[in-house]
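Data first, discussion second: the structure below is written as structure tokens.
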Amino acid sequence: MSTLKPAAVRRVAVIGGSRIPFARSDGPYATASNQEMLGAALDGLVERYGLHAPGAVGEFVAGAVLKHSRDFNLARETVLGSRLDARTPAYDIQQACGTGLQAVVAAANKIALGQTESAVAGGADTASDAPLGVNDALRKVLLEARRAKSPGARLRALAKVRPRHLVPDIPRNAEPRTGLSMGEHAAVTARAWGVTREAQDELAAASHQRLAAAYKRGLLQDLVVPFRGLARDQNLRPGSSTEKLAALKPVFGLDLPEPTMTAGNSTPLTDGAALVLLASEEWAAERGLEPLAYLSAYETAAVDFVHGDVADGEDGLLMAPAYAVPRMLERAGLGMADFDLIEVHEAFASQVLATLAAWEKRGLAPVDRSRLNVAGSSLATGHPFAATGARIVATLAKLLAERDGPGRGLISVCAAGGQGVTAVLERP
């Protein structure tokens with residue numbers, strides 16, 4: 001009886017990325033579906049890297065957080081509507097704001113184990129076209145009418161419909177377990193960690209200024225494809241400053257003493273899509289493509305934000321990376337000093353600052369701010385939930401590739417549900 005030998009683990013290369021400019025909700029992409037946005041990002045990748053041939057890509061992995069019933073089989077339908085070979089297998093994945101990075105991890109694992117040679121991974125989200133549910137009371141009446149055995153019984157059921165039943169169920173940005181929005185959770189964490197308003201505004205202003213500089217010097221030229229009249233992220237404010245941000249009124253934690261979180265130091269609701277092309281070194285070499293960087297480690301974690309140590313900030317909704325990163329670095333034998341660049345998803349400025357403080361509390365060296373989000377991040381680009389992870393991977397890989405010599409980058413993404421997805425990119 002023969003047994004299968006374990007596959008040798010291979011290095012996974014980040015070849016490049018493609019995304020559409022991110023837009024504020026109810027703006028230029030108000031009528032664009034997840035599939036349309038994801039398809040635009042995918043077609044941009046196909047064109048840039050010549051992926052038209054049959055079997056050019058081994059697999060497509062993507063997801064969305066806000067999905068209509070029509071988004072069933074979103075990844076596969078996106079492939080069928082794109083310029084990618086229709087025979088390319090595809091599947092959906094979802095882990096709230098960590099979706100894009102988790103899709104990259106899922107694809108990378110298959111490449112590392114030799115199960116495929118190349119893959120495209122990422123995600124899309126539209127806050128503009130969020131699904132509206134049927135009022136639950138109306139749903140029950142309609143189900144009763146459907147089950148009726150006679151026309152009379154069906155009419156009696158439908159006669160129960162009242163005007164209040166016509167009000168739709170609108171999605172809420174709130175945790176089902178607590179009823180609090182992500183911003184309200186972040187406000188509690190900000191207070192627990194003593195994060196100041198001034199520090200938040202400084203980080204937000206820097207995000208806009210750095211993203212503007214990245215566009216100006218052409219860093220994003222081969223990562224962003226124009227879509228519906230946009231050529232750059234709509235949320236970007238090149239002239240942002242701490243003075244301008246200081247004039248904004250708080251919008252979260254208003255029931256707490258001295259609230260600090262404003263629309264300016266929080267991420268706006270956003271529409272967009274982003275993808276990453278991953279491959280084995282052999283696949284890249286055969287096509288004459290130079291990898292930007294390599295994925296070398298990843299880790300996920302979760303916190304108990306319902307019953308855990310929330311008041312003291314340890315288990316705040318967005319604090320899972322505070323646990324994931326130390327575990328990942330210990331396993332990899334790395335410390336903060338080993339990283340040239342650090343990318344922390346900016347769901348809120350306060351959450352970034354609380355995470356940095358938590359890493360120090362857990363024994364990691366302080367983060368050099370000159371290495372943090374050097375090309376801006378979510379506060380400036382916006383945050384289409386499932387797209388953010390892929391945006392960060394592609395941007396960080398490009399940043400590493402333009403450096404002189406070897407480099408290493410850390411990625412940290414917090415997610416709803418008290419989860420976090422983290423990863424390490426390296427360029428030898």
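Each chain in the structure tokens gets a letter, A, B and so on, in the order shown; residues start at 1 in every chain, and ligands are counted from 1 in the order they appear.
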Could you produce a table of the residues of segment 121-140 of chain A lying within 8 Å of segment 263-284 of chain A, with the nearest pair of atoms per residue and their separation in Å rounded to one decimal, using only C-alpha atoms, ordered by chain and increasing residue number, as a tab-separated table?
residue	atom	partner	partner_atom	distance
A:Ala121	CA	A:Val276	CA	5.3
A:Gly122	CA	A:Leu275	CA	4.3
A:Gly123	CA	A:Ala273	CA	5.7
A:Ala124	CA	A:Ala273	CA	4.0
A:Asp125	CA	A:Asp271	CA	5.6
A:Thr126	CA	A:Asp271	CA	4.3
A:Ala127	CA	A:Asp271	CA	5.8
A:Ser128	CA	A:Asp271	CA	6.9
Using only C-alpha atoms, which residues sit within 6 Å of segment 57-71 of chain A once same-chain residues fewer than 6 positions away are excluded, as a PyMOL selection string?
-> chain A and resi 88-94+96+103+116+118-125+131+386
Selection file, C-alpha atoms, as a CSV table (one decimal), in the first residue's frame:
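Done, and the output landed in part-v5.csv:
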chain,number,residue,atom,x,y,z
A,88,THR,CA,-10.9,29.1,-14.1
A,89,PRO,CA,-12.3,27.6,-10.8
A,90,ALA,CA,-13.5,30.1,-8.3
A,91,TYR,CA,-15.0,30.3,-4.8
A,92,ASP,CA,-16.2,32.8,-2.3
A,93,ILE,CA,-14.7,33.6,1.2
A,94,GLN,CA,-15.9,36.0,3.9
A,96,ALA,CA,-15.7,40.6,7.5
A,103,ALA,CA,-8.6,35.2,0.5
A,116,THR,CA,-2.0,25.2,-8.0
A,118,SER,CA,-1.1,30.7,-9.6
A,119,ALA,CA,-4.2,32.4,-8.2
A,120,VAL,CA,-6.0,35.7,-8.0
A,121,ALA,CA,-7.4,36.7,-4.6
A,122,GLY,CA,-9.2,39.7,-3.0
A,123,GLY,CA,-12.7,41.2,-2.6
A,124,ALA,CA,-15.2,43.9,-3.3
A,125,ASP,CA,-17.9,45.7,-1.3
A,131,PRO,CA,-29.1,44.7,0.4
A,386,ALA,CA,-13.6,42.9,1.6
Compile the contact shell of Ala7 of chain A as a ChimeraX atom specification: residues with an atom at most 9 Å away, counting only C-alpha atoms, same-chain residues fewer than 4 positions apart removed.
-> /A:112-114
Quick one: write out the picked residues with N, CA, C and O atoms as a PDB file, in the first residue's frame?
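Saved to part.pdb:
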ATOM      1  N   ALA A 112       1.559  27.192  -2.058  1.00  0.00           N
ATOM      2  CA  ALA A 112       2.664  26.698  -1.228  1.00  0.00           C
ATOM      3  C   ALA A 112       2.723  25.179  -1.213  1.00  0.00           C
ATOM      4  O   ALA A 112       3.800  24.585  -1.181  1.00  0.00           O
ATOM      5  N   LEU A 113       1.561  24.533  -1.265  1.00  0.00           N
ATOM      6  CA  LEU A 113       1.498  23.070  -1.219  1.00  0.00           C
ATOM      7  C   LEU A 113       1.518  22.430  -2.598  1.00  0.00           C
ATOM      8  O   LEU A 113       1.363  21.217  -2.727  1.00  0.00           O
ATOM      9  N   GLY A 114       1.676  23.238  -3.630  1.00  0.00           N
ATOM     10  CA  GLY A 114       1.759  22.686  -4.969  1.00  0.00           C
ATOM     11  C   GLY A 114       0.439  22.267  -5.568  1.00  0.00           C
ATOM     12  O   GLY A 114       0.404  21.552  -6.576  1.00  0.00           O
TER      13      GLY A 114
END
Per DSSP on the backbone, what are the alpha helix (DSSP H) residues of segment 287-425 of chain A, as a VMD selection string?
-> chain A and resid 321 to 332 349 to 361 378 to 381 388 to 401
Run DSSP on the backbone and grab whatever in segment 152-362 of chain A lands in strand (DSSP E); send it over as a ChimeraX atom specification.
-> /A:250-252,261-262,270-280,293-302,341-344
Restricting the output to C-alpha atoms, write the selected residues as a JSON list (two decimals), in the first residue's frame.
[["chain", "number", "residue", "atom", "x", "y", "z"],
["A", 250, "PRO", "CA", -17.10, 63.91, 17.55],
["A", 251, "VAL", "CA", -19.53, 61.37, 16.10],
["A", 252, "PHE", "CA", -18.76, 58.25, 18.18],
["A", 261, "MET", "CA", -13.63, 60.13, 17.39],
["A", 262, "THR", "CA", -14.79, 62.20, 14.41],
["A", 270, "THR", "CA", -16.83, 53.10, 0.84],
["A", 271, "ASP", "CA", -17.35, 51.21, -2.43],
["A", 272, "GLY", "CA", -14.53, 49.43, -4.27],
["A", 273, "ALA", "CA", -12.68, 46.26, -5.23],
["A", 274, "ALA", "CA", -9.07, 45.03, -5.08],
["A", 275, "LEU", "CA", -7.21, 41.90, -6.19],
["A", 276, "VAL", "CA", -3.73, 40.38, -5.94],
["A", 277, "LEU", "CA", -1.95, 38.02, -8.37],
["A", 278, "LEU", "CA", -0.08, 35.25, -6.54],
["A", 279, "ALA", "CA", 2.11, 32.53, -8.01],
["A", 280, "SER", "CA", 4.89, 30.02, -7.54],
["A", 293, "ALA", "CA", 7.65, 40.16, -2.64],
["A", 294, "TYR", "CA", 6.91, 36.81, -1.01],
["A", 295, "LEU", "CA", 4.33, 35.85, 1.61],
["A", 296, "SER", "CA", 6.22, 34.19, 4.45],
["A", 297, "ALA", "CA", 3.83, 34.04, 7.42],
["A", 298, "TYR", "CA", 0.22, 34.65, 8.38],
["A", 299, "GLU", "CA", -1.88, 34.41, 11.53],
["A", 300, "THR", "CA", -5.49, 34.94, 12.57],
["A", 301, "ALA", "CA", -6.91, 35.58, 16.03],
["A", 302, "ALA", "CA", -10.17, 36.44, 17.74],
["A", 341, "LEU", "CA", 7.53, 48.71, 6.70],
["A", 342, "ILE", "CA", 4.40, 48.18, 8.78],
["A", 343, "GLU", "CA", 0.85, 48.33, 7.42],
["A", 344, "VAL", "CA", -1.96, 48.62, 9.96]]
Do you know which residues are at most 12 Å from Ala153 of chain A counting only C-alpha atoms, after dropping those on the same chain fewer than 6 positions away, and could you put them as a count of residues only?
-> 8
Which polymer residues have any atom within 10 Å of an atom of Arg427 of chain A, counting only C-alpha atoms, with same-chain residues fewer than 3 positions away left out, as a ChimeraX atom specification?
-> /A:13-14,291-296,397,400-401,403,405-409
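Residues in contact range of segment 192-200 of chain A, defined as at most 8 Å between only C-alpha atoms, with sequence neighbours fewer than 2 positions away removed, read Val188, Thr189, Ala190, Glu202, Leu203, Ala204, Thr242, Ala246, Thr260, Met261, Asn265, Ala311, Asp312, Gly313, Ala349, Ser350, Leu353, Ala354 and Ala357 of chain A.
Taking atom CA of Pro366 of chain A and atom CA of Val352 of chain A as endpoints, the distance between them is 13.0 Å.
Here atom CA of Asn73 of chain A stands at a distance of 14.0 Å from atom CA of Ala86 of chain A.
Counting only C-alpha atoms, the residue from A:Met182, A:Gly55, A:Pro238, A:Val225 that sits nearest to Cys97 of chain A is A:Met182.
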With a distance cut-off of 9 Å and only C-alpha atoms, select the neighbouring residues of Thr422 of chain A, excluding the residue or stretch itself and same-chain residues fewer than 4 positions from it, and output the selection as a ChimeraX atom specification.
-> /A:98,101-102,297-301,321,324-325,328,410-414
For Arg139 of chain A, which of A:Lys110, A:Arg156, A:His165, A:Arg369 is the closest residue, counting only C-alpha atoms?
-> A:His165
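Using only C-alpha atoms for every distance, the candidate list A:Pro21, A:Pro257, A:Pro163, A:Gly335 yields A:Pro21 as the residue closest to His383 of chain A.
Candidate residues A:Arg237, A:His52, A:Arg83, A:Arg362 were compared for distance to Ser207 of chain A, and the nearest is A:Arg237, using only C-alpha atoms.
Here the question is which of A:Ala285, A:Ala416, A:Ala130, A:Leu223 gets nearest to Arg177 of chain A using only C-alpha atoms, and that residue is A:Ala416.
Distances to Gly389 of chain A were evaluated for A:Leu220, A:Val104, A:Leu289, A:Ala205 using only C-alpha atoms, and the minimum falls at A:Val104.
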